[in-house]
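The next block is coords.txt, given as compact mmCIF, C-alpha atoms.
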```txt
# COMPACT_ATOMS: atom_id res chain seq x y z
CA MET V 1 -74.20 7.96 56.31
CA ASN V 2 -74.40 10.22 53.26
CA TYR V 3 -74.44 8.63 49.87
CA PRO V 4 -73.70 10.61 46.69
CA GLU V 5 -76.82 11.56 44.79
CA LEU V 6 -77.53 9.22 41.91
CA LYS V 7 -78.27 10.79 38.54
CA THR V 8 -81.13 8.93 36.96
CA PHE V 9 -80.89 10.66 33.60
CA SER V 10 -77.90 12.18 31.86
CA PRO V 11 -78.41 13.73 28.41
CA ARG V 12 -74.68 13.50 27.79
CA GLY V 13 -74.62 9.83 28.69
CA LEU V 14 -77.67 9.15 26.53
CA PHE V 15 -76.07 10.94 23.59
CA LEU V 16 -72.79 9.04 23.92
CA GLY V 17 -74.69 5.79 24.35
CA ILE V 18 -76.75 6.33 21.19
CA CYS V 19 -73.63 7.25 19.23
CA SER V 20 -71.80 4.18 20.49
CA ILE V 21 -74.69 1.92 19.46
CA LEU V 22 -74.94 3.63 16.08
CA MET V 23 -71.26 3.22 15.42
CA ALA V 24 -71.31 -0.41 16.46
CA VAL V 25 -74.34 -1.11 14.22
CA LEU V 26 -72.94 0.81 11.30
CA SER V 27 -69.43 -0.58 11.46
CA GLY V 28 -68.42 -3.08 8.82
CA CYS V 29 -67.27 -6.44 10.06
CA GLN V 30 -66.44 -8.11 6.77
CA ALA V 31 -64.04 -7.02 4.05
CA ILE V 32 -65.62 -6.25 0.68
CA PRO V 33 -63.63 -7.84 -2.14
CA ALA V 34 -62.09 -5.52 -4.71
CA TYR V 35 -64.30 -6.79 -7.55
CA GLU V 36 -67.38 -5.62 -5.61
CA GLN V 37 -66.06 -2.11 -4.95
CA ALA V 38 -67.01 -0.51 -8.28
CA TYR V 39 -69.68 1.68 -6.67
CA LEU V 40 -67.63 2.42 -3.56
CA SER V 41 -64.65 3.64 -5.58
CA GLN V 42 -66.61 6.31 -7.46
CA PRO V 43 -65.40 9.85 -6.62
CA GLY V 44 -68.84 10.80 -5.34
CA MET V 45 -68.74 7.94 -2.82
CA GLN V 46 -65.44 8.98 -1.23
CA PHE V 47 -64.85 11.16 1.84
CA SER V 48 -62.55 13.69 0.23
CA ASP V 49 -60.67 16.87 1.21
CA SER V 50 -61.04 18.24 -2.31
CA THR V 51 -63.00 21.46 -2.66
CA VAL V 52 -64.51 19.97 -5.83
CA GLU V 53 -66.15 17.18 -3.84
CA THR V 54 -67.38 19.37 -0.97
CA ASP V 55 -71.17 19.71 -0.81
CA ASP V 56 -71.45 22.36 1.93
CA PRO V 57 -69.94 25.85 1.56
CA SER V 58 -66.92 26.13 3.86
CA LEU V 59 -67.68 29.80 4.58
CA ILE V 60 -70.86 29.01 6.48
CA ALA V 61 -68.63 27.95 9.37
CA GLN V 62 -67.97 31.70 9.83
CA VAL V 63 -71.69 32.24 10.43
CA GLU V 64 -72.76 29.16 12.41
CA PRO V 65 -71.07 28.70 15.81
CA GLY V 66 -71.83 24.97 15.81
CA THR V 67 -70.31 24.27 12.40
CA ASP V 68 -66.72 25.35 13.01
CA ASP V 69 -64.23 22.70 11.87
CA ASP V 70 -62.34 23.24 15.11
CA GLY V 71 -65.44 22.48 17.13
CA GLY V 72 -66.48 26.07 17.34
CA ALA V 73 -64.96 26.47 20.74
CA ALA V 74 -62.42 29.13 19.81
CA ALA V 75 -65.22 31.57 18.91
CA SER V 76 -63.34 34.79 19.54
CA GLY V 77 -66.50 36.63 18.55
CA CYS V 78 -67.98 35.46 21.83
CA SER V 79 -65.03 36.49 23.96
CA ALA V 80 -67.30 38.61 26.14
CA CYS V 81 -70.12 36.12 26.60
CA ARG V 82 -68.88 34.80 29.95
CA MET I 1 -52.67 18.77 -24.78
CA MET I 2 -54.06 17.53 -21.45
CA LYS I 3 -50.60 16.33 -20.37
CA MET I 4 -49.42 19.88 -19.89
CA PRO I 5 -50.99 20.52 -16.48
CA ASN I 6 -49.54 17.31 -15.11
CA GLN I 7 -46.06 18.27 -16.31
CA PHE I 8 -46.50 21.73 -14.84
CA PHE I 9 -47.46 20.43 -11.40
CA SER I 10 -44.72 17.80 -11.50
CA GLY I 11 -42.23 20.54 -12.16
CA LEU I 12 -43.67 22.67 -9.36
CA GLY I 13 -43.44 19.66 -7.07
CA LEU I 14 -39.79 19.23 -7.89
CA VAL I 15 -39.12 22.84 -6.96
CA LEU I 16 -41.08 22.59 -3.72
CA PHE I 17 -40.13 19.27 -2.34
CA GLY I 18 -36.79 18.27 -3.84
CA ALA I 19 -35.76 15.72 -6.40
CA THR I 20 -37.60 12.59 -5.20
CA VAL I 21 -41.14 13.73 -5.90
CA SER I 22 -43.63 11.05 -6.94
CA ALA I 23 -47.37 11.24 -7.66
CA GLY I 24 -49.52 13.83 -5.98
CA ASP I 25 -52.46 16.15 -6.42
CA ALA I 26 -53.39 19.82 -6.28
CA ASP I 27 -56.64 21.56 -5.51
CA ILE I 28 -57.90 25.14 -5.65
CA GLY I 29 -61.23 26.62 -4.62
CA LEU I 30 -62.76 30.08 -4.92
CA GLU I 31 -65.80 30.88 -2.81
CA MET I 32 -68.03 33.87 -2.18
CA LEU I 33 -70.74 34.40 0.43
CA ARG I 34 -72.52 37.75 0.43
CA SER I 35 -75.54 39.48 1.91
CA ASP I 36 -76.66 43.11 1.72
CA ASP I 37 -74.08 44.24 4.29
CA ILE I 38 -71.47 41.46 4.57
CA GLU I 39 -69.28 39.84 1.95
CA TYR I 40 -66.72 37.03 2.20
CA ARG I 41 -64.40 36.16 -0.70
CA SER I 42 -62.02 33.29 -0.17
CA PHE I 43 -59.31 31.35 -1.97
CA GLN I 44 -58.04 28.05 -0.68
CA GLY I 45 -55.71 25.54 -2.19
CA TYR I 46 -53.29 22.75 -1.52
CA ILE I 47 -50.61 20.77 -3.27
CA GLU I 48 -49.58 17.32 -2.12
CA ALA I 49 -46.84 15.06 -3.40
CA GLY I 50 -44.93 11.97 -2.39
CA VAL I 51 -41.48 12.62 -1.02
CA ALA I 52 -38.72 10.28 0.10
CA ALA I 53 -40.41 8.95 3.25
CA GLY I 54 -44.07 9.82 2.88
CA GLU I 55 -46.28 12.55 1.48
CA LEU I 56 -46.01 16.28 2.07
CA ARG I 57 -48.95 18.66 1.65
CA MET I 58 -48.94 22.45 1.75
CA ASP I 59 -52.19 24.38 2.34
CA VAL I 60 -52.90 28.05 1.86
CA SER I 61 -56.04 30.11 2.26
CA VAL I 62 -56.86 33.81 2.00
CA THR I 63 -60.24 35.30 2.94
CA ASP I 64 -61.25 38.89 2.27
CA LEU I 65 -64.06 40.15 4.52
CA GLU I 66 -66.03 43.36 4.11
CA VAL I 67 -68.66 44.46 6.63
CA GLU I 68 -70.93 47.52 6.69
CA TYR I 69 -71.03 48.20 10.43
CA ARG I 70 -74.24 49.77 11.79
CA PRO I 71 -74.75 50.70 15.45
CA ASN I 72 -78.15 50.29 17.04
CA ALA I 73 -78.86 54.03 17.45
CA PRO I 74 -81.39 53.94 20.32
CA VAL I 75 -78.93 52.19 22.68
CA ASP I 76 -75.71 53.45 21.06
CA PRO I 77 -76.45 57.08 20.05
CA PHE I 78 -72.78 57.98 19.55
CA GLY I 79 -71.97 54.99 17.36
CA VAL I 80 -71.17 55.70 13.72
CA GLU I 81 -71.61 53.66 10.59
CA GLU I 82 -68.36 52.51 8.94
CA VAL I 83 -67.08 49.97 6.45
CA LEU I 84 -64.81 47.34 8.02
CA ASP I 85 -62.32 45.43 5.89
CA ASP I 86 -59.96 42.62 6.82
CA VAL I 87 -57.94 39.92 5.09
CA SER I 88 -57.25 36.69 6.95
CA ARG I 89 -54.56 34.27 5.84
CA SER I 90 -53.47 30.79 6.82
CA LEU I 91 -50.60 28.56 5.83
CA GLY I 92 -50.43 24.90 6.74
CA ALA I 93 -48.34 21.80 6.17
CA ARG I 94 -49.04 18.11 6.64
CA TRP I 95 -46.63 15.20 6.57
CA ARG I 96 -48.12 11.73 6.05
CA TYR I 97 -46.41 8.38 6.55
CA GLN I 98 -47.87 4.97 5.73
CA ALA I 99 -46.59 1.74 7.30
CA GLY I 100 -48.64 -1.35 6.50
CA ASP I 101 -52.18 -0.95 7.82
CA PHE I 102 -51.28 2.18 9.80
CA ARG I 103 -51.03 5.75 8.59
CA ALA I 104 -49.74 8.72 10.59
CA ASP I 105 -50.32 12.41 9.88
CA LEU I 106 -48.57 15.33 11.52
CA GLN I 107 -49.87 18.77 10.65
CA GLY I 108 -49.43 22.36 11.67
CA SER I 109 -50.64 25.77 10.61
CA VAL I 110 -50.27 29.48 11.28
CA PHE I 111 -53.02 32.03 10.66
CA GLU I 112 -53.79 35.69 11.11
CA GLY I 113 -56.80 37.95 10.77
CA PHE I 114 -60.38 38.05 12.02
CA ARG I 115 -62.10 34.68 11.65
CA SER I 116 -65.62 35.97 11.08
CA HIS I 117 -67.78 39.05 10.58
CA SER I 118 -68.97 38.73 14.19
CA ASP I 119 -65.41 39.15 15.48
CA ILE I 120 -64.70 42.30 13.48
CA TRP I 121 -68.17 43.74 14.21
CA ILE I 122 -67.80 43.29 17.99
CA ASP I 123 -64.29 44.75 17.90
CA ALA I 124 -65.62 47.82 16.04
CA TYR I 125 -68.26 48.29 18.73
CA TYR I 126 -65.67 48.23 21.55
CA ARG I 127 -63.30 50.50 19.60
CA GLN I 128 -66.07 53.08 19.19
CA GLN I 129 -67.05 52.77 22.86
CA TYR I 130 -63.67 52.68 24.59
CA GLY I 131 -61.04 53.64 21.99
CA PHE I 132 -60.80 57.21 23.19
CA GLY I 133 -60.41 56.77 26.96
CA GLY I 134 -62.80 58.30 29.47
CA ILE I 135 -63.16 55.34 31.86
CA PRO I 136 -60.38 54.33 34.29
CA GLY I 137 -58.93 50.83 33.91
CA VAL I 138 -57.51 49.07 30.89
CA SER I 139 -57.47 50.86 27.56
CA TYR I 140 -58.90 49.58 24.32
CA GLN I 141 -56.12 47.96 22.31
CA ASN I 142 -55.99 47.40 18.59
CA PRO I 143 -56.27 43.62 18.24
CA ASP I 144 -53.87 41.47 16.26
CA PRO I 145 -55.83 38.23 15.92
CA GLY I 146 -53.97 35.13 14.81
CA GLY I 147 -52.45 31.92 16.04
CA SER I 148 -51.05 28.53 15.29
CA SER I 149 -52.08 24.90 15.55
CA LEU I 150 -50.52 21.44 15.76
CA SER I 151 -52.22 18.08 15.45
CA GLY I 152 -51.52 14.43 14.82
CA THR I 153 -53.66 11.59 13.45
CA LEU I 154 -53.15 7.84 13.56
CA ARG I 155 -55.35 5.74 11.26
CA TRP I 156 -55.68 1.96 11.29
CA GLU I 157 -57.09 0.17 8.25
CA TYR I 158 -58.40 -2.89 10.05
CA LEU I 159 -60.24 -4.32 7.04
CA PRO I 160 -58.55 -3.73 3.67
CA ALA I 161 -60.23 -0.84 1.78
CA THR I 162 -63.36 -1.42 3.91
CA ALA I 163 -62.94 -0.24 7.50
CA PHE I 164 -60.79 2.43 9.11
CA VAL I 165 -60.53 3.95 12.56
CA SER I 166 -58.64 7.20 13.25
CA LEU I 167 -57.57 8.93 16.43
CA ASN I 168 -56.78 12.64 16.17
CA ALA I 169 -55.41 14.98 18.83
CA GLY I 170 -54.62 18.65 18.37
CA TRP I 171 -53.88 21.99 19.98
CA GLN I 172 -54.56 25.52 18.82
CA GLY I 173 -53.32 28.73 20.40
CA GLU I 174 -55.10 31.87 19.31
CA THR I 175 -54.84 35.57 20.03
CA VAL I 176 -58.37 37.00 19.85
CA ALA I 177 -59.89 40.46 19.92
CA PRO I 178 -60.87 40.84 23.59
CA GLY I 179 -64.24 41.86 24.94
CA TYR I 180 -64.56 44.78 27.36
CA GLU I 181 -66.93 45.45 30.21
CA VAL I 182 -67.48 48.29 32.64
CA VAL I 183 -67.22 47.11 36.25
CA ASP I 184 -69.30 48.99 38.85
CA GLU I 185 -67.13 49.59 41.95
CA ILE I 186 -69.96 51.42 43.80
CA THR I 187 -68.10 54.74 43.98
CA SER I 188 -66.64 54.60 40.48
CA PHE I 189 -66.52 52.59 37.25
CA ARG I 190 -63.58 50.70 35.81
CA LEU I 191 -62.98 49.15 32.39
CA GLU I 192 -61.83 45.51 32.20
CA LYS I 193 -61.10 43.27 29.27
CA THR I 194 -61.28 39.53 28.77
CA ASP I 195 -58.32 37.25 27.98
CA THR I 196 -56.66 37.82 24.65
CA TYR I 197 -54.98 34.42 24.30
CA LEU I 198 -56.94 31.17 24.25
CA ASN I 199 -55.74 27.58 24.07
CA THR I 200 -58.00 25.00 22.47
CA TRP I 201 -57.44 21.26 22.84
CA ARG I 202 -59.29 18.74 20.71
CA VAL I 203 -59.43 14.98 20.44
CA SER I 204 -61.58 13.03 17.99
CA LEU I 205 -62.27 9.44 17.03
CA ASP I 206 -63.38 8.68 13.46
CA PHE I 207 -64.84 5.48 12.06
CA GLU I 208 -65.13 4.93 8.31
CA ASN I 209 -66.72 1.79 6.97
CA ALA I 210 -68.00 0.30 3.74
CA LEU I 211 -71.11 -1.61 4.82
CA ASN I 212 -71.70 -3.32 1.51
CA ARG I 213 -70.87 -2.71 -2.15
CA ARG I 214 -73.15 0.37 -2.29
CA VAL I 215 -72.91 2.03 1.14
CA ARG I 216 -70.06 3.92 2.79
CA VAL I 217 -70.41 5.41 6.30
CA ARG I 218 -68.37 7.72 8.48
CA ASN I 219 -68.95 8.63 12.15
CA ALA I 220 -66.85 10.93 14.30
CA LEU I 221 -66.92 11.80 18.00
CA ALA I 222 -65.02 14.89 19.14
CA LEU I 223 -64.21 16.57 22.44
CA THR I 224 -63.01 20.18 22.39
CA LYS I 225 -61.86 22.29 25.35
CA THR I 226 -61.07 25.98 25.16
CA ASP I 227 -59.75 28.11 28.01
CA ARG I 228 -62.52 29.70 30.09
CA ARG I 229 -65.19 27.52 28.46
CA ASP I 230 -66.75 24.20 29.27
CA PRO I 231 -65.91 21.18 27.11
CA ARG I 232 -67.80 20.76 23.85
CA TYR I 233 -68.93 17.28 22.79
CA GLY I 234 -69.75 16.60 19.20
CA TRP I 235 -70.86 13.91 16.81
CA SER I 236 -70.92 14.05 13.04
CA GLY I 237 -71.89 11.37 10.59
CA GLN I 238 -72.25 10.81 6.88
CA ILE I 239 -73.69 8.00 4.81
CA ASN I 240 -73.05 7.72 1.08
CA VAL I 241 -75.29 5.41 -0.93
CA ALA I 242 -74.98 4.48 -4.60
CA LEU I 243 -78.69 4.38 -5.47
CA SER I 244 -78.04 3.34 -9.09
CA ASP I 245 -75.28 3.45 -11.69
CA HIS I 246 -75.87 7.18 -12.14
CA LEU I 247 -77.31 8.42 -8.84
CA ILE I 248 -75.59 8.87 -5.47
CA SER I 249 -77.08 10.05 -2.18
CA ARG I 250 -74.93 11.70 0.51
CA SER I 251 -76.62 12.33 3.88
CA LYS I 252 -74.94 14.17 6.75
CA GLY I 253 -75.82 14.99 10.32
CA SER I 254 -74.10 16.60 13.28
CA TYR I 255 -74.78 17.42 16.92
CA ASN I 256 -72.72 19.54 19.33
CA ARG I 257 -73.27 20.33 22.97
CA GLU I 258 -71.42 22.73 25.23
CA GLU I 259 -72.38 23.37 28.84
CA PRO I 260 -74.27 25.11 30.16
CA ASP I 261 -76.84 25.44 27.38
CA PHE I 262 -75.38 25.51 23.89
CA GLU I 263 -76.57 22.85 21.47
CA SER I 264 -76.46 22.72 17.69
CA TRP I 265 -77.79 20.33 15.06
CA SER I 266 -77.38 20.14 11.34
CA ILE I 267 -78.62 17.81 8.65
CA SER I 268 -78.05 17.85 4.92
CA GLU I 269 -78.91 15.73 1.91
CA THR I 270 -77.15 15.71 -1.46
CA LEU I 271 -78.27 13.94 -4.60
CA GLU I 272 -75.66 13.66 -7.37
CA TRP I 273 -76.75 12.64 -10.84
CA ASN I 274 -74.37 11.57 -13.59
CA PHE I 275 -76.50 12.88 -16.44
CA HIS I 276 -74.09 12.62 -19.36
CA GLY I 277 -70.59 11.14 -19.77
CA PRO I 278 -68.22 13.08 -17.43
CA TRP I 279 -70.91 15.59 -16.37
CA TYR I 280 -72.63 15.53 -12.98
CA LEU I 281 -75.37 17.66 -11.43
CA SER I 282 -75.81 17.78 -7.67
CA GLY I 283 -78.27 19.48 -5.35
CA THR I 284 -77.76 19.92 -1.59
CA VAL I 285 -80.35 21.01 0.96
CA ARG I 286 -79.16 21.76 4.47
CA TRP I 287 -80.72 22.77 7.81
CA TYR I 288 -78.89 24.10 10.85
CA ASP I 289 -80.29 25.00 14.25
CA ASP I 290 -78.69 26.07 17.53
CA THR I 291 -79.82 27.28 20.93
CA GLY I 292 -77.62 30.39 20.97
CA GLN I 293 -74.86 31.34 23.37
CA ILE I 294 -76.76 33.77 25.58
CA GLU I 295 -76.82 32.72 29.23
CA SER I 296 -78.93 35.58 30.58
CA ALA I 297 -80.92 38.04 28.51
CA PHE I 298 -80.15 40.78 31.05
CA VAL I 299 -76.34 40.47 31.12
CA VAL I 300 -74.48 42.78 28.72
CA SER I 301 -73.01 40.39 26.21
CA SER I 302 -71.95 39.95 22.61
CA ALA I 303 -73.11 36.33 22.60
CA ALA I 304 -75.25 35.24 19.67
CA PRO I 305 -78.94 34.42 20.09
CA ALA I 306 -80.39 31.19 18.73
CA LEU I 307 -79.84 30.70 15.01
CA GLU I 308 -81.67 28.76 12.31
CA SER I 309 -80.30 28.51 8.80
CA ARG I 310 -81.24 26.84 5.55
CA SER I 311 -79.39 26.54 2.25
CA PHE I 312 -79.78 25.04 -1.19
CA ILE I 313 -76.71 24.57 -3.38
CA LEU I 314 -76.80 23.46 -7.00
CA SER I 315 -73.49 22.33 -8.52
CA LEU I 316 -72.30 21.27 -11.94
CA LYS I 317 -69.24 18.99 -11.99
CA TRP I 318 -66.97 17.63 -14.66
CA ARG I 319 -64.76 14.63 -13.91
CA SER I 320 -62.33 13.23 -16.46
CA GLU I 321 -62.80 9.58 -17.35
CA ASP I 322 -59.50 8.57 -15.75
CA GLY I 323 -60.46 10.43 -12.56
CA THR I 324 -57.35 12.63 -12.51
CA ARG I 325 -59.03 15.98 -13.19
CA SER I 326 -62.27 17.54 -12.01
CA VAL I 327 -63.97 20.93 -11.94
CA SER I 328 -67.02 22.14 -10.03
CA PHE I 329 -69.11 25.29 -10.25
CA GLY I 330 -72.23 26.14 -8.32
CA GLY I 331 -74.11 28.26 -5.88
CA GLY I 332 -77.44 29.04 -4.32
CA PRO I 333 -79.31 30.83 -1.55
CA TYR I 334 -78.44 30.66 2.15
CA GLU I 335 -80.78 32.11 4.79
CA THR I 336 -80.00 32.88 8.45
CA ASP I 337 -82.72 33.68 11.02
CA TYR I 338 -81.80 34.75 14.56
CA ALA I 339 -84.04 34.76 17.60
CA ASP I 340 -84.73 38.15 19.16
CA VAL I 341 -81.78 39.72 20.98
CA GLY I 342 -82.15 40.20 24.73
CA LEU I 343 -81.84 43.45 26.68
CA GLY I 344 -78.12 42.87 27.22
CA THR I 345 -77.44 42.12 23.57
CA GLU I 346 -79.58 44.73 21.84
CA ARG I 347 -76.50 46.85 21.06
CA PHE I 348 -75.68 44.10 18.54
CA LEU I 349 -79.16 44.13 17.00
CA HIS I 350 -77.84 44.66 13.46
CA LEU I 351 -75.11 42.03 13.82
CA TYR I 352 -77.71 39.44 14.76
CA GLN I 353 -80.34 40.40 12.20
CA ASP I 354 -81.84 37.95 9.71
CA ARG I 355 -80.01 37.82 6.39
CA ASP I 356 -80.44 36.38 2.92
CA TRP I 357 -77.08 35.32 1.53
CA THR I 358 -75.90 34.23 -1.90
CA HIS I 359 -73.20 31.61 -2.21
CA LEU I 360 -71.00 30.91 -5.25
CA HIS I 361 -68.07 28.53 -5.67
CA LEU I 362 -65.61 27.41 -8.33
CA ALA I 363 -63.14 24.59 -7.69
CA ALA I 364 -60.66 22.46 -9.59
CA HIS I 365 -58.64 19.37 -8.74
CA ILE I 366 -55.84 17.60 -10.57
CA GLU I 367 -53.75 14.50 -9.91
CA PHE I 368 -50.24 14.29 -11.34
```

Spell out the structure here as structure tokens.
Amino acid sequence: MNYPELKTFSPRGLFLGICSILMAVLSGCQAIPAYEQAYLSQPGMQFSDSTVETDDPSLIAQVEPGTDDDGGAAASGCSACR
Amino acid sequence: MMKMPNQFFSGLGLVLFGATVSAGDADIGLEMLRSDDIEYRSFQGYIEAGVAAGELRMDVSVTDLEVEYRPNAPVDPFGVEEVLDDVSRSLGARWRYQAGDFRADLQGSVFEGFRSHSDIWIDAYYRQQYGFGGIPGVSYQNPDPGGSSLSGTLRWEYLPATAFVSLNAGWQGETVAPGYEVVDEITSFRLEKTDTYLNTWRVSLDFENALNRRVRVRNALALTKTDRRDPRYGWSGQINVALSDHLISRSKGSYNREEPDFESWSISETLEWNFHGPWYLSGTVRWYDDTGQIESAFVVSSAAPALESRSFILSLKWRSEDGTRSVSFGGGPYETDYADVGLGTERFLHLYQDRDWTHLHLAAHIEF
């Protein structure tokens, strides 16, 4: 009887596992009352779409194939790489 | 005196969205990235305002790209130097609706033009090689790159102002400049080209949490699938920490993997110092590293070799005391270092050469 080969190590599984643990550890489980949110409500503490609050140049996504906002998968510049 | 901009944008909002406009905001950004032979100049902006049943946002961006194309003479003796110029444009809209703890976004965009200097460089190479016939098969065609996208996001605020989870799903259809290759049919040669239309599907899950009164965290997992390519898995994370009343730290990281061998990492650290009243000074250092897209050094390919980059950006910001207006100006050096090109990629030696870039940006934001 043939059994499917067992994979003892999967980099993808390890990566997803680490991310899952990180997210579970770093997730808040208790609401922070409004009177304690003075620091959190500062503009520099927000995750904002504003170009004023962006730290990284958006144009570098044109240079780095792993930084594309769309995941980099469109990459028409690499249309001949397969 | 400072009321005038608010009145102006309110008036503009009335024209754009009808008579029931409520509060909103507008944002514009100018950016430049240039090296000795490549220059990007971009404008991007949006205006967002409340309308009868939600919020409507319109986005626009225009990027002017200029490239000094140089063939690698030893392997491309008939190639000629030329200056390539292209303007890419995009227009987008987003509708947002809030119902209790849930928020839904529906957004779409259309765009045209080359997305990067690599795209226009590779197209110039193929135009010079195959634009004048000579090999049986398909003919070189002038590309008309562009496309459209649609996506939707559902966010649940499961702890008030503290914890959020978002699910995003989207599609993008894009016409790209094709690649060409000469196929050896033993007794003759024939020219073939790759697909010109690619669909990309993407789904992502975002978690945003305030851990305590000084720490805010965001994590995102994404899965992207483009026609003819393997799925790409990605993680990105950011942690913002209020170190003191006047000092904030923002740390970011990301990792992407695409079979068979592409991996990329990035990490950045920003320190923002409120040094006087409404004035802020921030410095950002950033590292990026990838394994490159080349599968075999001996296969003729336009795929990029491994890339390392580093940047340092210094920014000066002004934020009004009521938080409704802000301006930022800054810039700094950006350095890209490629690994050596392989035998199959040496025709793109000058595309994948190391470069020292300069970055500048100017941005403004207003709430009305």

Residues of chain I near chain V: apply a cut-off of 6 Å, count all atoms listed in the file, and supply the list as a PDB file with C-alpha atoms, in the coordinates of the input.
```pdb
ATOM      1  CA  GLY I  29     -61.230  26.620  -4.620  1.00  0.00           C
ATOM      2  CA  SER I 116     -65.620  35.970  11.080  1.00  0.00           C
ATOM      3  CA  SER I 118     -68.970  38.730  14.190  1.00  0.00           C
ATOM      4  CA  ASP I 119     -65.410  39.150  15.480  1.00  0.00           C
ATOM      5  CA  LEU I 159     -60.240  -4.320   7.040  1.00  0.00           C
ATOM      6  CA  THR I 162     -63.360  -1.420   3.910  1.00  0.00           C
ATOM      7  CA  VAL I 176     -58.370  37.000  19.850  1.00  0.00           C
ATOM      8  CA  GLY I 179     -64.240  41.860  24.940  1.00  0.00           C
ATOM      9  CA  ASN I 209     -66.720   1.790   6.970  1.00  0.00           C
ATOM     10  CA  LEU I 211     -71.110  -1.610   4.820  1.00  0.00           C
ATOM     11  CA  ARG I 213     -70.870  -2.710  -2.150  1.00  0.00           C
ATOM     12  CA  ARG I 214     -73.150   0.370  -2.290  1.00  0.00           C
ATOM     13  CA  THR I 226     -61.070  25.980  25.160  1.00  0.00           C
ATOM     14  CA  ASN I 240     -73.050   7.720   1.080  1.00  0.00           C
ATOM     15  CA  SER I 264     -76.460  22.720  17.690  1.00  0.00           C
ATOM     16  CA  SER I 301     -73.010  40.390  26.210  1.00  0.00           C
ATOM     17  CA  SER I 302     -71.950  39.950  22.610  1.00  0.00           C
ATOM     18  CA  ALA I 303     -73.110  36.330  22.600  1.00  0.00           C
ATOM     19  CA  SER I 328     -67.020  22.140 -10.030  1.00  0.00           C
ATOM     20  CA  ALA I 363     -63.140  24.590  -7.690  1.00  0.00           C
ATOM     21  CA  ALA I 364     -60.660  22.460  -9.590  1.00  0.00           C
TER      22      ALA I 364
END
```

Q | Long-range neighbours of Ile120 in chain I as JSON, numbers by chain, 9 Å cut-off, all atoms listed in the file, 6 positions minimum in chain | A | {"V": [77], "I": [67, 84, 85, 86, 114, 177]}

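Atom pair CA of Glu335 in chain I / CA of Arg34 in chain I has a distance of 10.9 Å (rounded to one decimal).
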
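Comparing I:Ile38, I:Gln293, I:Ser148, I:Pro71 by their smallest distance to Ile122 in chain I, the closest is I:Pro71 (using all atoms listed in the file).
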
Q: List every protein, DNA or RNA residue with an atom no more than 6 Å from (-75.8, 37.2, 3.4) in the file's coordinates, counting all atoms listed in the file, and format the result as a list in words.
A: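 Those within range, by chain then number, are Arg34, Ser35, Arg355, Asp356 and Trp357 of chain I.
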
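Relative to CA of Asn168 in chain I, CA of Ser90 in chain I is found at 20.7 Å.
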
Q. What gap, in Å, lies between CA of Arg228 in chain I and CA of Asp206 in chain I?
A. 26.8 Å

Q) Which residue, I:Asn142, I:Ser282, I:Gln98, I:Asn72, has the smallest gap to Glu157 in chain I when you use all atoms listed in the file? A) I:Gln98

Q) Which residue out of I:Val60, I:Ala163, I:Ala304, I:Val182 has the minimum interatomic distance to Ala339 in chain I when all atoms listed in the file are used? A) I:Ala304

Q. For Ser249 in chain I, which of I:Val215, I:Met58, I:Ile28, I:Ile267 is the closest residue, counting only C-alpha atoms?
A.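 Once distances to Ser249 in chain I are computed over only C-alpha atoms, the minimum belongs to I:Val215.
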